Number of protein chains: 2
Amino acid sequence: MGTTQLETVPEPKYWHLKTVLGEALDSDFAVGEVLPNERDLAARFGVARATLRQALEQLELEGRLQRRRGVGTTVAPPRVGVDVSTTQQEWPGADPDAWQPVDAVSAVAPAAVAKMLGTDPADEVHTVRRTRVTHGQTVAAELLYVPSASVPELPAIDIPSGPARARSVLRELQRLGMEGQDRAVELGSARVDDAKELDRLPGAPVLVVTTRYLAGGRTAAVSVATYRADTCRLTFGDTGDVRISHHTDERRAS
Amino acid sequence: MGTTQLETVPEPKYWHLKTVLGEALDSDFAVGEVLPNERDLAARFGVARATLRQALEQLELEGRLQRRRGVGTTVAPPRVGVDVSTTQQEWPGADPDAWQPVDAVSAVAPAAVAKMLGTDPADEVHTVRRTRVTHGQTVAAELLYVPSASVPELPAIDIPSGPARARSVLRELQRLGMEGQDRAVELGSARVDDAKELDRLPGAPVLVVTTRYLAGGRTAAVSVATYRADTCRLTFGDTGDVRISHHTDERRAS
DNA sequence: AAGTGGTCTAGACCACCGA
DNA sequence: CGGTGGTCTAGACCACTTC
């Protein structure tokens with residue numbers, strides 16, 4: 001032995017803190033329990049509050065803690081598995097239990113979306129806002145962009161903005177023959193409006209799921225859904241029925 | 001114009017900074033270009049360095065910047081789309097171009113993995129380490145856990161740890177009839193070893209893709225792959241051939 | 001050695017929540 | 001109102017890369 005270099009790299013304090021706190025969470029705390037406040041914790045570990053916060057931030061990012069301004073820091077429950085598989089090829093709106101229509105307006109789509117749709121970036125498209133609720137928690141906020149060409153028969157403009165109009169757009173979409181979907185997942189930070197729906201601060205980490213719906217040989221609609229990264233695990237089941245219920249939690253490994 | 005309520009809520013400085021910087025990136029910088037250093041930028045905007053850093057962190061999280069210690073901050077290229085679809089049901093190792101076997105050892109799996117495998121948490125399983133390389137960049141580091149029961153004919157123990165042993169485990173896996181896969185994506189932070197493979201600092205944000213491989217009516221293997229969240233977009237194509245080449249970049253929308 | 005980003009400190013004030 | 005987390009400051013030193 002002797003060859004192995006022991007700790008050539010001094011471990012940053014916040015990293016060590018995170019490890020210690022993580023172990024404490026496993027052994028000494030129950031889900032939902034509130035931790036001491038940041039000033040106390042920092043004093044207890046003999047570090048500045050900023051350093052303590054760096055550790056807490058990481059633990060929150062990993063879905064182990066939940067922090068709320070004015071309230072405190074609590075131990076988060078295991079992440080909830082949210083099914084986003086595409087095996088059941090269906091139009092958005094087919095499962096009304098999961099998604100709640102919030103609003104619908106006509107507006108110009110972001111340049112990136114217009115490009116996917118193949119529409120003029122200056123053209124207005126139907127923009128439907130929905131939220132996804134699971135286990136009583138809003139886990140995702142979505143913007144669905146539907147070019148007028150995809151829903152030619154929409155009576156449309158006379159319906160005022162609101163959930164009713166959102167539903168009518170979704171209803172029209174069902175009439176098209178869906179040919180496929182294309183999905184992508186990436187990390188993002190919550191925009192102000194999404195943050196509000198998700199009960200998070202702006203900039204909170206989110207998983208952005210972008211879906212292209214194909215019909216009639218072209219992109220008939222595009223959905224951009226932002227999921228809370230702290231509380232969600234996106235599942236893509238391929239096996240039909242099998243589904244892991246709710247995380248693999250390994251608490252109290254002892 | 002004019003009518004919009006200007007800032008009922010005072011916007012945090014770092015948030016405003018992020019917006020300003022983001023727009024500057026779109027208009028005044030090319031991919032790969034290096035930004036002024038943090039001290040200069042902070043002075044230029046009249047804020048403390050910590051505040052400036054908070055803005056940079058967010059932009060890096062969104063994949064717009066890349067920072068490297070001792071070097072500087074550069075404008076990141078658009079995220080690369082990485083296919084992680086499960087439509088082609090194949091065992092890991094079937095596409096040797098994408099994944100590079102690094103090593104294989106026998107070790108006890110994490111409790112969460114053992115639970116998925118249905119093995120005794122104290123039992124050792126074959127643990128294969130691989131990295132995924134795309135466009136000359138290592139985008140993912142994977143640990144593949146294979147219980148001995150899944151590869152009964154593995155000559156095994158006499159092969160020393162290393163790429164050769166990794167390949168032999170993968171080869172044995174191919175012999176099983178695959179019945180399905182189960183996949184999940186969630187946000188995580190890079191462990192020390194993964195960070196090293198990915199050329200990132202420990203704690204860097206990663207997308208963790210957990211895959212269960214089903215064969216013989218049970219979970220025959222479990223893979224935990226961590227993708228660089230800053231540079232990767234995970235794609236789940238469902239349409240056969242259609243694939244978006246490399247991001248929808250909307251630079252210089254002007 | 002010089003310059004970069006990464007870590008850390010010890011304060012301060014602000015925004016929000018609940019009693 | 002008091003207590004919480006969120007923002008911000010003006011420093012300091014460290015680890016790393018490059019020359």
# chains A, B, ... in the order shown; residues from 1 in each chain; ligands from 1
call {"tool": "select_by_dssp", "arguments": {"residues": "region 8-127 of chain A", "states": "strand (DSSP E or B)", "output": "PyMOL selection string"}}
result
chain A and resi 34+65-68+72-75+80-83+99-108+124-127
call {"tool": "write_last_selection", "arguments": {"atoms": "C-alpha atoms", "output": "short mmCIF file (atom, residue, chain, number, x, y, z; two decimals), in the first residue's frame"}}
result
data_model
loop_
_atom_site.label_atom_id
_atom_site.label_comp_id
_atom_site.auth_asym_id
_atom_site.auth_seq_id
_atom_site.Cartn_x
_atom_site.Cartn_y
_atom_site.Cartn_z
CA VAL A 34 -38.28 20.50 10.25
CA LEU A 65 -34.78 18.76 1.53
CA GLN A 66 -37.48 21.29 0.98
CA ARG A 67 -36.98 24.91 1.95
CA ARG A 68 -39.65 27.56 2.15
CA GLY A 72 -38.23 26.62 7.40
CA THR A 73 -36.39 23.62 6.04
CA THR A 74 -38.07 20.23 6.09
CA VAL A 75 -37.13 16.72 5.12
CA VAL A 80 -42.79 11.02 -6.92
CA GLY A 81 -42.61 9.05 -10.15
CA VAL A 82 -44.43 10.82 -12.96
CA ASP A 83 -45.23 8.87 -16.08
CA TRP A 99 -53.78 17.70 -16.70
CA GLN A 100 -55.84 20.73 -15.76
CA PRO A 101 -56.53 23.28 -18.50
CA VAL A 102 -55.83 26.72 -17.13
CA ASP A 103 -56.05 29.15 -19.98
CA ALA A 104 -55.68 29.62 -23.71
CA VAL A 105 -54.71 32.67 -25.70
CA SER A 106 -53.43 33.52 -29.13
CA ALA A 107 -49.82 34.65 -29.07
CA VAL A 108 -46.58 34.44 -30.96
CA GLU A 124 -49.78 33.90 -33.61
CA VAL A 125 -50.59 30.36 -32.51
CA HIS A 126 -53.04 28.96 -29.99
CA THR A 127 -51.22 28.80 -26.69
#
call {"tool": "interface_residues", "arguments": {"of": "chain D", "to": "chain A", "cutoff": "12 Å", "atoms": "only C-alpha atoms (C1' of nucleotides)", "output": "PDB file with all heavy atoms, in the first residue's frame"}}
result
ATOM      1  P    DG D   2     -40.731  41.818  18.189  1.00  0.00           P
ATOM      2  OP1  DG D   2     -40.364  42.020  19.603  1.00  0.00           O
ATOM      3  OP2  DG D   2     -40.158  42.679  17.134  1.00  0.00           O
ATOM      4  O5'  DG D   2     -40.436  40.289  17.809  1.00  0.00           O
ATOM      5  C5'  DG D   2     -41.074  39.256  18.548  1.00  0.00           C
ATOM      6  C4'  DG D   2     -40.904  37.942  17.825  1.00  0.00           C
ATOM      7  O4'  DG D   2     -41.531  38.023  16.522  1.00  0.00           O
ATOM      8  C3'  DG D   2     -39.432  37.545  17.567  1.00  0.00           C
ATOM      9  O3'  DG D   2     -39.289  36.157  17.847  1.00  0.00           O
ATOM     10  C2'  DG D   2     -39.228  37.869  16.095  1.00  0.00           C
ATOM     11  C1'  DG D   2     -40.619  37.598  15.521  1.00  0.00           C
ATOM     12  N9   DG D   2     -40.944  38.339  14.301  1.00  0.00           N
ATOM     13  C8   DG D   2     -40.660  39.660  14.021  1.00  0.00           C
ATOM     14  N7   DG D   2     -41.093  40.037  12.839  1.00  0.00           N
ATOM     15  C5   DG D   2     -41.683  38.899  12.324  1.00  0.00           C
ATOM     16  C6   DG D   2     -42.320  38.694  11.069  1.00  0.00           C
ATOM     17  O6   DG D   2     -42.496  39.505  10.156  1.00  0.00           O
ATOM     18  N1   DG D   2     -42.777  37.386  10.944  1.00  0.00           N
ATOM     19  C2   DG D   2     -42.656  36.412  11.892  1.00  0.00           C
ATOM     20  N2   DG D   2     -43.155  35.217  11.597  1.00  0.00           N
ATOM     21  N3   DG D   2     -42.056  36.587  13.066  1.00  0.00           N
ATOM     22  C4   DG D   2     -41.606  37.854  13.206  1.00  0.00           C
ATOM     23  P    DG D   3     -37.812  35.548  17.833  1.00  0.00           P
ATOM     24  OP1  DG D   3     -37.692  34.645  18.993  1.00  0.00           O
ATOM     25  OP2  DG D   3     -36.846  36.630  17.607  1.00  0.00           O
ATOM     26  O5'  DG D   3     -37.865  34.652  16.509  1.00  0.00           O
ATOM     27  C5'  DG D   3     -38.852  33.632  16.403  1.00  0.00           C
ATOM     28  C4'  DG D   3     -38.819  33.045  15.016  1.00  0.00           C
ATOM     29  O4'  DG D   3     -39.371  33.999  14.087  1.00  0.00           O
ATOM     30  C3'  DG D   3     -37.397  32.731  14.505  1.00  0.00           C
ATOM     31  O3'  DG D   3     -37.359  31.416  13.984  1.00  0.00           O
ATOM     32  C2'  DG D   3     -37.162  33.768  13.438  1.00  0.00           C
ATOM     33  C1'  DG D   3     -38.573  34.013  12.928  1.00  0.00           C
ATOM     34  N9   DG D   3     -38.724  35.301  12.257  1.00  0.00           N
ATOM     35  C8   DG D   3     -38.279  36.521  12.693  1.00  0.00           C
ATOM     36  N7   DG D   3     -38.557  37.495  11.874  1.00  0.00           N
ATOM     37  C5   DG D   3     -39.222  36.877  10.821  1.00  0.00           C
ATOM     38  C6   DG D   3     -39.769  37.409   9.640  1.00  0.00           C
ATOM     39  O6   DG D   3     -39.771  38.588   9.271  1.00  0.00           O
ATOM     40  N1   DG D   3     -40.361  36.434   8.854  1.00  0.00           N
ATOM     41  C2   DG D   3     -40.423  35.105   9.171  1.00  0.00           C
ATOM     42  N2   DG D   3     -41.030  34.300   8.310  1.00  0.00           N
ATOM     43  N3   DG D   3     -39.923  34.578  10.281  1.00  0.00           N
ATOM     44  C4   DG D   3     -39.340  35.524  11.058  1.00  0.00           C
ATOM     45  P    DT D   4     -35.985  30.807  13.485  1.00  0.00           P
ATOM     46  OP1  DT D   4     -35.919  29.467  14.083  1.00  0.00           O
ATOM     47  OP2  DT D   4     -34.885  31.781  13.693  1.00  0.00           O
ATOM     48  O5'  DT D   4     -36.177  30.652  11.913  1.00  0.00           O
ATOM     49  C5'  DT D   4     -37.162  29.758  11.398  1.00  0.00           C
ATOM     50  C4'  DT D   4     -37.422  30.088   9.952  1.00  0.00           C
ATOM     51  O4'  DT D   4     -37.841  31.461   9.889  1.00  0.00           O
ATOM     52  C3'  DT D   4     -36.184  30.065   9.063  1.00  0.00           C
ATOM     53  O3'  DT D   4     -35.959  28.776   8.576  1.00  0.00           O
ATOM     54  C2'  DT D   4     -36.580  31.003   7.941  1.00  0.00           C
ATOM     55  C1'  DT D   4     -37.600  31.938   8.582  1.00  0.00           C
ATOM     56  N1   DT D   4     -37.147  33.363   8.673  1.00  0.00           N
ATOM     57  C2   DT D   4     -37.478  34.206   7.665  1.00  0.00           C
ATOM     58  O2   DT D   4     -38.099  33.856   6.686  1.00  0.00           O
ATOM     59  N3   DT D   4     -37.042  35.499   7.831  1.00  0.00           N
ATOM     60  C4   DT D   4     -36.325  36.008   8.900  1.00  0.00           C
ATOM     61  O4   DT D   4     -36.000  37.176   8.947  1.00  0.00           O
ATOM     62  C5   DT D   4     -36.009  35.048   9.927  1.00  0.00           C
ATOM     63  C7   DT D   4     -35.226  35.487  11.131  1.00  0.00           C
ATOM     64  C6   DT D   4     -36.428  33.791   9.772  1.00  0.00           C
ATOM     65  P    DG D   5     -34.565  28.448   7.927  1.00  0.00           P
ATOM     66  OP1  DG D   5     -34.471  26.991   7.837  1.00  0.00           O
ATOM     67  OP2  DG D   5     -33.542  29.224   8.633  1.00  0.00           O
ATOM     68  O5'  DG D   5     -34.748  29.055   6.476  1.00  0.00           O
ATOM     69  C5'  DG D   5     -35.674  28.460   5.568  1.00  0.00           C
ATOM     70  C4'  DG D   5     -35.933  29.410   4.413  1.00  0.00           C
ATOM     71  O4'  DG D   5     -36.033  30.750   4.931  1.00  0.00           O
ATOM     72  C3'  DG D   5     -34.833  29.469   3.346  1.00  0.00           C
ATOM     73  O3'  DG D   5     -35.454  29.653   2.089  1.00  0.00           O
ATOM     74  C2'  DG D   5     -34.024  30.673   3.764  1.00  0.00           C
ATOM     75  C1'  DG D   5     -35.136  31.598   4.245  1.00  0.00           C
ATOM     76  N9   DG D   5     -34.671  32.617   5.165  1.00  0.00           N
ATOM     77  C8   DG D   5     -34.091  32.428   6.386  1.00  0.00           C
ATOM     78  N7   DG D   5     -33.781  33.550   6.986  1.00  0.00           N
ATOM     79  C5   DG D   5     -34.174  34.530   6.091  1.00  0.00           C
ATOM     80  C6   DG D   5     -34.093  35.948   6.179  1.00  0.00           C
ATOM     81  O6   DG D   5     -33.639  36.618   7.105  1.00  0.00           O
ATOM     82  N1   DG D   5     -34.611  36.574   5.042  1.00  0.00           N
ATOM     83  C2   DG D   5     -35.139  35.903   3.962  1.00  0.00           C
ATOM     84  N2   DG D   5     -35.576  36.668   2.953  1.00  0.00           N
ATOM     85  N3   DG D   5     -35.228  34.597   3.871  1.00  0.00           N
ATOM     86  C4   DG D   5     -34.731  33.971   4.970  1.00  0.00           C
ATOM     87  P    DG D   6     -34.529  29.811   0.779  1.00  0.00           P
ATOM     88  OP1  DG D   6     -35.277  29.213  -0.338  1.00  0.00           O
ATOM     89  OP2  DG D   6     -33.175  29.357   1.119  1.00  0.00           O
ATOM     90  O5'  DG D   6     -34.473  31.390   0.525  1.00  0.00           O
ATOM     91  C5'  DG D   6     -35.530  32.006  -0.196  1.00  0.00           C
ATOM     92  C4'  DG D   6     -35.090  33.369  -0.716  1.00  0.00           C
ATOM     93  O4'  DG D   6     -34.741  34.212   0.399  1.00  0.00           O
ATOM     94  C3'  DG D   6     -33.861  33.321  -1.618  1.00  0.00           C
ATOM     95  O3'  DG D   6     -34.073  34.165  -2.738  1.00  0.00           O
ATOM     96  C2'  DG D   6     -32.732  33.811  -0.724  1.00  0.00           C
ATOM     97  C1'  DG D   6     -33.468  34.786   0.178  1.00  0.00           C
ATOM     98  N9   DG D   6     -32.818  34.960   1.474  1.00  0.00           N
ATOM     99  C8   DG D   6     -32.454  33.974   2.354  1.00  0.00           C
ATOM    100  N7   DG D   6     -31.885  34.432   3.436  1.00  0.00           N
ATOM    101  C5   DG D   6     -31.874  35.807   3.264  1.00  0.00           C
ATOM    102  C6   DG D   6     -31.379  36.836   4.109  1.00  0.00           C
ATOM    103  O6   DG D   6     -30.839  36.734   5.215  1.00  0.00           O
ATOM    104  N1   DG D   6     -31.570  38.102   3.539  1.00  0.00           N
ATOM    105  C2   DG D   6     -32.161  38.332   2.330  1.00  0.00           C
ATOM    106  N2   DG D   6     -32.257  39.613   1.950  1.00  0.00           N
ATOM    107  N3   DG D   6     -32.623  37.381   1.537  1.00  0.00           N
ATOM    108  C4   DG D   6     -32.447  36.148   2.062  1.00  0.00           C
ATOM    109  P    DT D   7     -32.940  34.367  -3.799  1.00  0.00           P
ATOM    110  OP1  DT D   7     -33.622  34.659  -5.067  1.00  0.00           O
ATOM    111  OP2  DT D   7     -31.959  33.265  -3.684  1.00  0.00           O
ATOM    112  O5'  DT D   7     -32.225  35.717  -3.318  1.00  0.00           O
ATOM    113  C5'  DT D   7     -32.913  36.942  -3.445  1.00  0.00           C
ATOM    114  C4'  DT D   7     -32.067  38.067  -2.911  1.00  0.00           C
ATOM    115  O4'  DT D   7     -31.629  37.758  -1.575  1.00  0.00           O
ATOM    116  C3'  DT D   7     -30.781  38.341  -3.718  1.00  0.00           C
ATOM    117  O3'  DT D   7     -30.893  39.651  -4.234  1.00  0.00           O
ATOM    118  C2'  DT D   7     -29.650  38.178  -2.697  1.00  0.00           C
ATOM    119  C1'  DT D   7     -30.373  38.372  -1.372  1.00  0.00           C
ATOM    120  N1   DT D   7     -29.750  37.728  -0.189  1.00  0.00           N
ATOM    121  C2   DT D   7     -29.267  38.520   0.817  1.00  0.00           C
ATOM    122  O2   DT D   7     -29.320  39.734   0.794  1.00  0.00           O
ATOM    123  N3   DT D   7     -28.727  37.840   1.875  1.00  0.00           N
ATOM    124  C4   DT D   7     -28.616  36.472   2.027  1.00  0.00           C
ATOM    125  O4   DT D   7     -28.108  35.969   3.024  1.00  0.00           O
ATOM    126  C5   DT D   7     -29.141  35.690   0.924  1.00  0.00           C
ATOM    127  C7   DT D   7     -29.077  34.192   0.983  1.00  0.00           C
ATOM    128  C6   DT D   7     -29.681  36.353  -0.116  1.00  0.00           C
ATOM    129  P    DC D   8     -29.852  40.150  -5.306  1.00  0.00           P
ATOM    130  OP1  DC D   8     -30.474  41.291  -6.012  1.00  0.00           O
ATOM    131  OP2  DC D   8     -29.391  38.967  -6.055  1.00  0.00           O
ATOM    132  O5'  DC D   8     -28.641  40.705  -4.450  1.00  0.00           O
ATOM    133  C5'  DC D   8     -28.861  41.792  -3.560  1.00  0.00           C
ATOM    134  C4'  DC D   8     -27.630  42.034  -2.714  1.00  0.00           C
ATOM    135  O4'  DC D   8     -27.548  41.032  -1.701  1.00  0.00           O
ATOM    136  C3'  DC D   8     -26.283  41.962  -3.442  1.00  0.00           C
ATOM    137  O3'  DC D   8     -25.869  43.289  -3.746  1.00  0.00           O
ATOM    138  C2'  DC D   8     -25.355  41.280  -2.427  1.00  0.00           C
ATOM    139  C1'  DC D   8     -26.241  41.101  -1.190  1.00  0.00           C
ATOM    140  N1   DC D   8     -25.981  39.863  -0.397  1.00  0.00           N
ATOM    141  C2   DC D   8     -25.433  39.979   0.874  1.00  0.00           C
ATOM    142  O2   DC D   8     -25.162  41.096   1.312  1.00  0.00           O
ATOM    143  N3   DC D   8     -25.198  38.856   1.599  1.00  0.00           N
ATOM    144  C4   DC D   8     -25.508  37.655   1.082  1.00  0.00           C
ATOM    145  N4   DC D   8     -25.263  36.584   1.846  1.00  0.00           N
ATOM    146  C5   DC D   8     -26.065  37.516  -0.211  1.00  0.00           C
ATOM    147  C6   DC D   8     -26.294  38.639  -0.922  1.00  0.00           C
ATOM    148  P    DC D  14      -4.408  30.197   1.540  1.00  0.00           P
ATOM    149  OP1  DC D  14      -3.926  29.394   2.679  1.00  0.00           O
ATOM    150  OP2  DC D  14      -3.477  30.989   0.699  1.00  0.00           O
ATOM    151  O5'  DC D  14      -5.231  29.242   0.572  1.00  0.00           O
ATOM    152  C5'  DC D  14      -6.455  28.669   1.019  1.00  0.00           C
ATOM    153  C4'  DC D  14      -7.084  27.869  -0.123  1.00  0.00           C
ATOM    154  O4'  DC D  14      -7.681  28.782  -1.064  1.00  0.00           O
ATOM    155  C3'  DC D  14      -6.086  27.032  -0.908  1.00  0.00           C
ATOM    156  O3'  DC D  14      -6.629  25.735  -1.095  1.00  0.00           O
ATOM    157  C2'  DC D  14      -5.934  27.772  -2.220  1.00  0.00           C
ATOM    158  C1'  DC D  14      -7.293  28.434  -2.369  1.00  0.00           C
ATOM    159  N1   DC D  14      -7.283  29.693  -3.168  1.00  0.00           N
ATOM    160  C2   DC D  14      -8.093  29.771  -4.310  1.00  0.00           C
ATOM    161  O2   DC D  14      -8.771  28.799  -4.636  1.00  0.00           O
ATOM    162  N3   DC D  14      -8.087  30.928  -5.022  1.00  0.00           N
ATOM    163  C4   DC D  14      -7.346  31.960  -4.628  1.00  0.00           C
ATOM    164  N4   DC D  14      -7.380  33.065  -5.364  1.00  0.00           N
ATOM    165  C5   DC D  14      -6.522  31.892  -3.470  1.00  0.00           C
ATOM    166  C6   DC D  14      -6.520  30.753  -2.767  1.00  0.00           C
ATOM    167  P    DA D  15      -5.735  24.580  -1.728  1.00  0.00           P
ATOM    168  OP1  DA D  15      -6.094  23.335  -1.014  1.00  0.00           O
ATOM    169  OP2  DA D  15      -4.334  25.061  -1.814  1.00  0.00           O
ATOM    170  O5'  DA D  15      -6.297  24.474  -3.216  1.00  0.00           O
ATOM    171  C5'  DA D  15      -7.633  24.054  -3.426  1.00  0.00           C
ATOM    172  C4'  DA D  15      -7.897  23.919  -4.911  1.00  0.00           C
ATOM    173  O4'  DA D  15      -7.865  25.227  -5.525  1.00  0.00           O
ATOM    174  C3'  DA D  15      -6.867  23.089  -5.667  1.00  0.00           C
ATOM    175  O3'  DA D  15      -7.572  22.322  -6.620  1.00  0.00           O
ATOM    176  C2'  DA D  15      -5.958  24.115  -6.309  1.00  0.00           C
ATOM    177  C1'  DA D  15      -6.918  25.268  -6.577  1.00  0.00           C
ATOM    178  N9   DA D  15      -6.326  26.606  -6.533  1.00  0.00           N
ATOM    179  C8   DA D  15      -5.406  27.078  -5.654  1.00  0.00           C
ATOM    180  N7   DA D  15      -5.094  28.341  -5.845  1.00  0.00           N
ATOM    181  C5   DA D  15      -5.883  28.714  -6.928  1.00  0.00           C
ATOM    182  C6   DA D  15      -6.020  29.921  -7.616  1.00  0.00           C
ATOM    183  N6   DA D  15      -5.355  31.031  -7.318  1.00  0.00           N
ATOM    184  N1   DA D  15      -6.896  29.939  -8.649  1.00  0.00           N
ATOM    185  C2   DA D  15      -7.578  28.824  -8.942  1.00  0.00           C
ATOM    186  N3   DA D  15      -7.529  27.636  -8.367  1.00  0.00           N
ATOM    187  C4   DA D  15      -6.647  27.648  -7.353  1.00  0.00           C
ATOM    188  P    DC D  16      -6.776  21.261  -7.470  1.00  0.00           P
ATOM    189  OP1  DC D  16      -7.695  20.115  -7.590  1.00  0.00           O
ATOM    190  OP2  DC D  16      -5.419  21.111  -6.915  1.00  0.00           O
ATOM    191  O5'  DC D  16      -6.655  21.950  -8.897  1.00  0.00           O
ATOM    192  C5'  DC D  16      -7.848  22.384  -9.567  1.00  0.00           C
ATOM    193  C4'  DC D  16      -7.478  23.364 -10.647  1.00  0.00           C
ATOM    194  O4'  DC D  16      -6.858  24.520 -10.060  1.00  0.00           O
ATOM    195  C3'  DC D  16      -6.448  22.850 -11.655  1.00  0.00           C
ATOM    196  O3'  DC D  16      -7.163  22.493 -12.827  1.00  0.00           O
ATOM    197  C2'  DC D  16      -5.487  24.021 -11.881  1.00  0.00           C
ATOM    198  C1'  DC D  16      -6.099  25.152 -11.057  1.00  0.00           C
ATOM    199  N1   DC D  16      -5.142  26.068 -10.381  1.00  0.00           N
ATOM    200  C2   DC D  16      -4.945  27.351 -10.887  1.00  0.00           C
ATOM    201  O2   DC D  16      -5.562  27.690 -11.906  1.00  0.00           O
ATOM    202  N3   DC D  16      -4.076  28.181 -10.257  1.00  0.00           N
ATOM    203  C4   DC D  16      -3.424  27.768  -9.163  1.00  0.00           C
ATOM    204  N4   DC D  16      -2.594  28.627  -8.573  1.00  0.00           N
ATOM    205  C5   DC D  16      -3.624  26.462  -8.636  1.00  0.00           C
ATOM    206  C6   DC D  16      -4.471  25.649  -9.261  1.00  0.00           C
TER     207       DC D  16
END
call {"tool": "interface_residues", "arguments": {"of": "chain A", "to": "chain C", "cutoff": "9 Å", "atoms": "only C-alpha atoms (C1' of nucleotides)", "output": "list of chain:residue names"}}
result
A:Pro12, A:Lys13, A:Tyr14, A:Val47, A:Ala48, A:Arg49, A:Ala50, A:Thr51, A:Arg69, A:Gly70, A:Val71
call {"tool": "interface_residues", "arguments": {"of": "chain B", "to": "chain A", "cutoff": "7 Å", "atoms": "only C-alpha atoms", "output": "VMD selection string"}}
result
chain B and resid 61 to 62 111 to 112 180 to 189 229 232 to 239 248 to 250
call {"tool": "residues_around", "arguments": {"residues": "Pro92 (chain B)", "least_positions_apart": "3", "cutoff": "12 Å", "atoms": "only C-alpha atoms (C1' of nucleotides)", "output": "NGL selection string"}}
result
:B and (84 or 86 or 88-89 or 95-101 or 128-132 or 142-146 or 166-167 or 169-176 or 178 or 181 or 211-213 or 220-225)
call {"tool": "write_last_selection", "arguments": {"atoms": "C-alpha atoms", "output": "CSV table (one decimal), in the first residue's frame"}}
result
chain,number,residue,atom,x,y,z
B,84,VAL,CA,-31.9,7.4,-24.8
B,86,THR,CA,-36.0,2.4,-25.5
B,88,GLN,CA,-34.9,-0.5,-29.9
B,89,GLN,CA,-34.9,-3.0,-27.1
B,95,ASP,CA,-23.9,-0.4,-29.8
B,96,PRO,CA,-20.2,-0.3,-29.0
B,97,ASP,CA,-19.7,3.0,-30.8
B,98,ALA,CA,-21.6,4.9,-28.2
B,99,TRP,CA,-20.5,3.3,-24.9
B,100,GLN,CA,-16.9,2.6,-23.9
B,101,PRO,CA,-16.3,-0.1,-21.3
B,128,VAL,CA,-19.5,-2.5,-15.0
B,129,ARG,CA,-18.4,1.0,-15.5
B,130,ARG,CA,-18.9,2.6,-18.9
B,131,THR,CA,-18.7,6.0,-20.4
B,132,ARG,CA,-20.6,7.4,-23.3
B,142,GLU,CA,-22.7,4.6,-16.2
B,143,LEU,CA,-22.6,1.9,-13.6
B,144,LEU,CA,-24.3,-1.3,-14.7
B,145,TYR,CA,-25.2,-3.8,-12.0
B,146,VAL,CA,-25.5,-7.4,-13.1
B,166,ALA,CA,-16.4,-5.4,-18.7
B,167,ARG,CA,-16.8,-6.7,-22.2
B,169,VAL,CA,-20.0,-9.4,-18.8
B,170,LEU,CA,-21.7,-7.4,-21.5
B,171,ARG,CA,-21.2,-10.3,-23.9
B,172,GLU,CA,-22.9,-12.8,-21.5
B,173,LEU,CA,-25.8,-10.4,-21.1
B,174,GLN,CA,-26.6,-10.5,-24.8
B,175,ARG,CA,-27.4,-14.2,-24.5
B,176,LEU,CA,-30.5,-13.5,-22.4
B,178,MET,CA,-34.7,-9.2,-23.2
B,181,GLN,CA,-37.0,-2.0,-20.1
B,211,THR,CA,-32.9,1.6,-16.4
B,212,ARG,CA,-34.2,-1.8,-15.4
B,213,TYR,CA,-33.6,-4.5,-17.8
B,220,ALA,CA,-31.8,-9.0,-14.9
B,221,ALA,CA,-29.8,-5.9,-14.7
B,222,VAL,CA,-29.9,-2.3,-13.5
B,223,SER,CA,-28.1,0.6,-15.1
B,224,VAL,CA,-27.6,4.0,-13.5
B,225,ALA,CA,-26.2,6.5,-16.0
call {"tool": "calpha_fit_rmsd", "arguments": {"fixed": "chain B", "moving": "chain A"}}
result
1.2 Å
call {"tool": "select_by_dssp", "arguments": {"residues": "region 175-246 of chain B", "states": "helix (DSSP H, G or I)", "output": "NGL selection string"}}
result
:B and (192-198)
call {"tool": "write_last_selection", "arguments": {"atoms": "N, CA and C atoms", "output": "PDB file, in the first residue's frame"}}
result
ATOM      1  N   VAL B 192     -18.223  12.014  -6.806  1.00  0.00           N
ATOM      2  CA  VAL B 192     -16.836  12.354  -7.088  1.00  0.00           C
ATOM      3  C   VAL B 192     -16.303  11.585  -8.295  1.00  0.00           C
ATOM      4  N   ASP B 193     -16.568  10.286  -8.334  1.00  0.00           N
ATOM      5  CA  ASP B 193     -16.024   9.481  -9.424  1.00  0.00           C
ATOM      6  C   ASP B 193     -16.667   9.837 -10.771  1.00  0.00           C
ATOM      7  N   ASP B 194     -17.968  10.055 -10.753  1.00  0.00           N
ATOM      8  CA  ASP B 194     -18.642  10.435 -11.999  1.00  0.00           C
ATOM      9  C   ASP B 194     -18.129  11.781 -12.490  1.00  0.00           C
ATOM     10  N   ALA B 195     -17.985  12.704 -11.547  1.00  0.00           N
ATOM     11  CA  ALA B 195     -17.514  14.042 -11.909  1.00  0.00           C
ATOM     12  C   ALA B 195     -16.170  13.956 -12.628  1.00  0.00           C
ATOM     13  N   LYS B 196     -15.338  13.068 -12.154  1.00  0.00           N
ATOM     14  CA  LYS B 196     -14.016  12.919 -12.769  1.00  0.00           C
ATOM     15  C   LYS B 196     -14.139  12.457 -14.217  1.00  0.00           C
ATOM     16  N   GLU B 197     -14.989  11.471 -14.437  1.00  0.00           N
ATOM     17  CA  GLU B 197     -15.175  10.956 -15.802  1.00  0.00           C
ATOM     18  C   GLU B 197     -15.753  12.023 -16.720  1.00  0.00           C
ATOM     19  N   LEU B 198     -16.634  12.853 -16.151  1.00  0.00           N
ATOM     20  CA  LEU B 198     -17.341  13.831 -16.966  1.00  0.00           C
ATOM     21  C   LEU B 198     -16.593  15.157 -17.072  1.00  0.00           C
TER      22      LEU B 198
END
